[in-house]
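Taking it in order: structure first as structure tokens, then the write-up.
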Amino acid sequence: MLLGTGVGLVLGFGAGVGSASDVVAPVHIAFLGDSYTYGVGASNRSDGYAYLVARAEGWTARVVGLPGSGYTRIATKDDKDIAAGIPAVIAAQPQVLIVESGHNDALAGISLNETRRNALKDLRELRAGLPNTTIIVLGPIWLNAHPGAKVLAVRRLIHAAQRKIPDSLWVDPIAQKWFTGALADKSGDDATMINYAVGHPNDLGYHHIAGLLEADLRALGVS
């Protein structure tokens with residue numbers, strides 16, 4: 001079942017058929033992020049990494065994707081940053097929350113100091129509204145193996161903010177080398193995993209992200 005809800009979608013995945021005594025309610029997860037969480041570049045939005053992870057795990061999901069946004073960066077399409085999705089995520093009261101943001105904050109003209117303040121403010125607001133939720137913060141997802149100095153600075157300051165959030169967890173796509181090619185010349189994994197028309201992962205790229213994230217969730221004891 002797929003229900004449109006403005007900035008996000010609610011997905012329900014069945015937990016199987018059985019008696020009332022042996023049916024276990026699926027985990028309810030929420031994703032808050034930018035265009036990668038939204039699924040830009042996939043053939044269908046529901047082929048984005050968030051939906052793939054939820055389906056693979058048999059979880060129900062609330063996906064709030066805000067293309068073009070960041071902790072500081074305001075999307076030109078709708079004048080929203082990541083904070084605009086916080087009320088919907090808190091209202092969902094998920095057991096697990098994955099926050100994906102940051103690569104848009106590495107764009108020219110975006111203040112690192114503002115991103116430092118905003119990342120901490122947003123994550124604190126999420127923790128206050130979701131005191132019992134497992135919060136997992138993703139560093140920027142970078143689509144090549146050569147992030148610049150500002151990208152690395154954004155990653156460091158988001159990680160610093162995450163460390164100040166009690167009982168939160170960190171996943172670092174750049175350190176883990178989720179993408180190893182060179183985007184400009186379409187080499188390595190970038191040759192097959194990027195939708196170059198929109199500069200985002202394609203279906204294969206989102207499957208790649210989902211698989212890596214699922215492995216991280218298992219390593220963190222979440223999956």
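The chains in the structure tokens are called A, B, ... from first to last as shown; in each chain the residues are counted from 1, and the ligands are counted from 1 in the order shown.
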**Study point:** DSSP-assigned strand (DSSP E) among region 3-190 of chain A, expressed as number ranges by chain
**Key:** A: 3-5, 8-11, 28-33, 60-65, 96-100, 134-138, 168-171
For the residues in the current selection, export C-alpha atoms as a short mmCIF file (atom, residue, chain, number, x, y, z; two decimals), in the first residue's frame.
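again.cif written:
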data_model
loop_
_atom_site.label_atom_id
_atom_site.label_comp_id
_atom_site.auth_asym_id
_atom_site.auth_seq_id
_atom_site.Cartn_x
_atom_site.Cartn_y
_atom_site.Cartn_z
CA LEU A 3 -0.20 6.58 0.33
CA GLY A 4 0.91 10.03 -0.80
CA THR A 5 1.31 12.47 2.09
CA GLY A 8 6.64 11.89 2.51
CA LEU A 9 5.06 8.53 1.90
CA VAL A 10 3.80 5.90 4.27
CA LEU A 11 4.60 2.35 3.28
CA HIS A 28 8.13 1.18 12.39
CA ILE A 29 10.95 3.23 10.88
CA ALA A 30 11.13 6.80 9.62
CA PHE A 31 13.55 8.36 7.17
CA LEU A 32 14.23 12.10 7.06
CA GLY A 33 16.46 13.44 4.34
CA THR A 60 6.56 -0.11 8.04
CA ALA A 61 8.05 3.21 7.02
CA ARG A 62 7.40 6.93 7.01
CA VAL A 63 9.63 8.51 4.39
CA VAL A 64 10.08 12.28 4.46
CA GLY A 65 12.31 13.39 1.59
CA VAL A 96 13.97 3.84 14.45
CA LEU A 97 14.81 7.10 12.64
CA ILE A 98 17.44 7.50 9.93
CA VAL A 99 18.47 11.10 9.21
CA GLU A 100 20.27 11.58 5.88
CA THR A 134 16.88 4.86 17.96
CA ILE A 135 18.28 7.76 15.91
CA ILE A 136 20.85 6.97 13.23
CA VAL A 137 22.59 9.92 11.57
CA LEU A 138 24.11 9.45 8.12
CA SER A 168 22.33 8.20 18.69
CA LEU A 169 24.36 6.24 16.15
CA TRP A 170 26.59 7.30 13.25
CA VAL A 171 27.00 5.93 9.72
#
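Between Leu213 (chain A) and the residues A:Arg156, A:Ala50, A:Leu107, A:Ala145, the shortest atom-to-atom distance, using only C-alpha atoms, involves A:Ala50.
Between Gln176 (chain A) and the candidates A:Ala215, A:Val53, A:Ala128, A:Ala191, the tightest atom-to-atom separation, counting only C-alpha atoms, involves A:Ala215.
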From a DSSP calculation on the backbone, collect every residue of region 99-175 of chain A in helix (DSSP H, G or I) and output the set as a CSV table (one decimal) with N, CA and C atoms, in the first residue's frame.
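Full text of result_38.csv as output:
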chain,number,residue,atom,x,y,z
A,103,HIS,N,24.9,16.7,2.0
A,103,HIS,CA,25.7,16.9,0.8
A,103,HIS,C,25.3,18.3,0.1
A,104,ASN,N,24.1,18.7,0.3
A,104,ASN,CA,23.7,20.0,-0.2
A,104,ASN,C,24.3,21.2,0.6
A,105,ASP,N,24.6,20.9,1.9
A,105,ASP,CA,25.3,21.9,2.7
A,105,ASP,C,26.7,22.2,2.3
A,106,ALA,N,27.3,21.3,1.4
A,106,ALA,CA,28.6,21.5,0.9
A,106,ALA,C,28.7,22.4,-0.4
A,112,LEU,N,29.4,27.1,6.9
A,112,LEU,CA,29.7,25.9,7.7
A,112,LEU,C,29.3,26.2,9.2
A,113,ASN,N,29.5,27.4,9.6
A,113,ASN,CA,29.0,27.7,11.0
A,113,ASN,C,27.5,27.6,11.2
A,114,GLU,N,26.8,28.0,10.2
A,114,GLU,CA,25.3,27.8,10.2
A,114,GLU,C,25.0,26.3,10.2
A,115,THR,N,25.7,25.6,9.4
A,115,THR,CA,25.4,24.1,9.3
A,115,THR,C,25.7,23.5,10.6
A,116,ARG,N,26.8,23.9,11.3
A,116,ARG,CA,27.1,23.3,12.6
A,116,ARG,C,26.0,23.6,13.6
A,117,ARG,N,25.5,24.8,13.6
A,117,ARG,CA,24.4,25.2,14.6
A,117,ARG,C,23.1,24.5,14.2
A,118,ASN,N,22.8,24.4,12.9
A,118,ASN,CA,21.5,23.9,12.5
A,118,ASN,C,21.4,22.4,12.7
A,119,ALA,N,22.5,21.7,12.4
A,119,ALA,CA,22.6,20.2,12.5
A,119,ALA,C,22.3,19.9,14.0
A,120,LEU,N,23.0,20.6,14.9
A,120,LEU,CA,22.8,20.3,16.3
A,120,LEU,C,21.4,20.6,16.8
A,121,LYS,N,20.9,21.8,16.3
A,121,LYS,CA,19.5,22.2,16.7
A,121,LYS,C,18.5,21.1,16.2
A,122,ASP,N,18.6,20.7,14.9
A,122,ASP,CA,17.7,19.8,14.4
A,122,ASP,C,17.7,18.4,15.1
A,123,LEU,N,18.9,17.9,15.3
A,123,LEU,CA,19.1,16.6,15.9
A,123,LEU,C,18.6,16.7,17.4
A,124,ARG,N,18.8,17.8,18.1
A,124,ARG,CA,18.3,17.9,19.4
A,124,ARG,C,16.8,18.0,19.4
A,125,GLU,N,16.2,18.6,18.5
A,125,GLU,CA,14.7,18.7,18.4
A,125,GLU,C,14.2,17.3,18.1
A,126,LEU,N,14.8,16.5,17.3
A,126,LEU,CA,14.4,15.2,17.0
A,126,LEU,C,14.5,14.3,18.3
A,127,ARG,N,15.6,14.4,19.0
A,127,ARG,CA,15.7,13.6,20.2
A,127,ARG,C,14.7,14.0,21.2
A,128,ALA,N,14.4,15.3,21.4
A,128,ALA,CA,13.4,15.8,22.3
A,128,ALA,C,12.0,15.3,22.0
A,129,GLY,N,11.7,15.2,20.7
A,129,GLY,CA,10.4,14.7,20.3
A,129,GLY,C,10.3,13.3,20.2
A,149,ALA,N,37.3,19.5,0.2
A,149,ALA,CA,37.6,19.9,1.6
A,149,ALA,C,36.3,20.3,2.3
A,150,LYS,N,35.4,21.0,1.6
A,150,LYS,CA,34.2,21.5,2.2
A,150,LYS,C,33.2,20.3,2.5
A,151,VAL,N,33.2,19.3,1.7
A,151,VAL,CA,32.4,18.1,1.9
A,151,VAL,C,32.9,17.5,3.2
A,152,LEU,N,34.2,17.3,3.3
A,152,LEU,CA,34.8,16.7,4.5
A,152,LEU,C,34.5,17.5,5.8
A,153,ALA,N,34.5,18.8,5.6
A,153,ALA,CA,34.2,19.7,6.8
A,153,ALA,C,32.8,19.5,7.2
A,154,VAL,N,31.9,19.4,6.3
A,154,VAL,CA,30.4,19.2,6.6
A,154,VAL,C,30.3,17.9,7.3
A,155,ARG,N,30.9,16.9,6.8
A,155,ARG,CA,30.9,15.5,7.4
A,155,ARG,C,31.3,15.6,8.9
A,156,ARG,N,32.5,16.3,9.1
A,156,ARG,CA,33.0,16.4,10.5
A,156,ARG,C,32.1,17.1,11.4
A,157,LEU,N,31.5,18.2,11.0
A,157,LEU,CA,30.6,19.0,11.9
A,157,LEU,C,29.3,18.3,12.1
A,158,ILE,N,28.8,17.5,11.2
A,158,ILE,CA,27.6,16.7,11.4
A,158,ILE,C,27.9,15.6,12.4
A,159,HIS,N,29.0,15.0,12.2
A,159,HIS,CA,29.4,14.0,13.2
A,159,HIS,C,29.6,14.5,14.6
A,160,ALA,N,30.1,15.7,14.7
A,160,ALA,CA,30.3,16.4,16.0
A,160,ALA,C,28.9,16.6,16.6
A,161,ALA,N,28.0,17.1,15.8
A,161,ALA,CA,26.6,17.3,16.3
A,161,ALA,C,26.0,16.0,16.8
A,162,GLN,N,26.2,14.9,16.0
A,162,GLN,CA,25.6,13.6,16.4
A,162,GLN,C,26.1,13.1,17.7
A,163,ARG,N,27.4,13.3,17.9
A,163,ARG,CA,28.0,12.9,19.2
A,163,ARG,C,27.4,13.5,20.4
Review point. Which residues, written as a ChimeraX atom specification, have at least one atom at most 7 Å from Arg73 (chain A), with only C-alpha atoms counted and residues fewer than 2 positions away on the same chain left out?
Key: /A:69-71,75,81,104-105,110
Practice item. Tell me, in Å to one decimal, how far CA of Lys80 (chain A) is from CA of Ser101 (chain A). Key: 13.1 Å
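Residue nearest Lys77 (chain A), chosen from A:Gln95, A:Ser43, A:Ser187, A:Ser35 and counting only C-alpha atoms: A:Ser35.
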Point to revise | Contacts of His146 (chain A) at 10 Å (only C-alpha atoms; same-chain gap of 4+ positions) as an MDAnalysis selection string | key: chainID A and resid 142 151 174 177 179:183
Please produce an output containing C-alpha atoms for each residue in the selection, written as a PDB file, in the first residue's frame.
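So the final result, stored in out_16.pdb, reads:
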ATOM      1  CA  TRP A 142      28.942  11.466  -1.915  1.00  0.00           C
ATOM      2  CA  VAL A 151      32.396  18.130   1.924  1.00  0.00           C
ATOM      3  CA  ILE A 174      32.367   8.688   2.813  1.00  0.00           C
ATOM      4  CA  LYS A 177      33.652   4.485   0.454  1.00  0.00           C
ATOM      5  CA  PHE A 179      31.007   5.128  -4.059  1.00  0.00           C
ATOM      6  CA  THR A 180      34.485   4.603  -5.466  1.00  0.00           C
ATOM      7  CA  GLY A 181      34.368   5.944  -9.016  1.00  0.00           C
ATOM      8  CA  ALA A 182      35.008   9.345 -10.544  1.00  0.00           C
ATOM      9  CA  LEU A 183      31.702  11.007 -11.367  1.00  0.00           C
TER      10      LEU A 183
END
Check your understanding: Could you pull the residues within 8 Å of Ser223 (chain A), counting only C-alpha atoms, minus those fewer than 2 positions along the same chain, as a ChimeraX atom specification?
Key -> /A:57,214,217-218,220-221
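Interatomic distance, CA of Trp178 (chain A) against CA of Ala88 (chain A): 28.7 Å.
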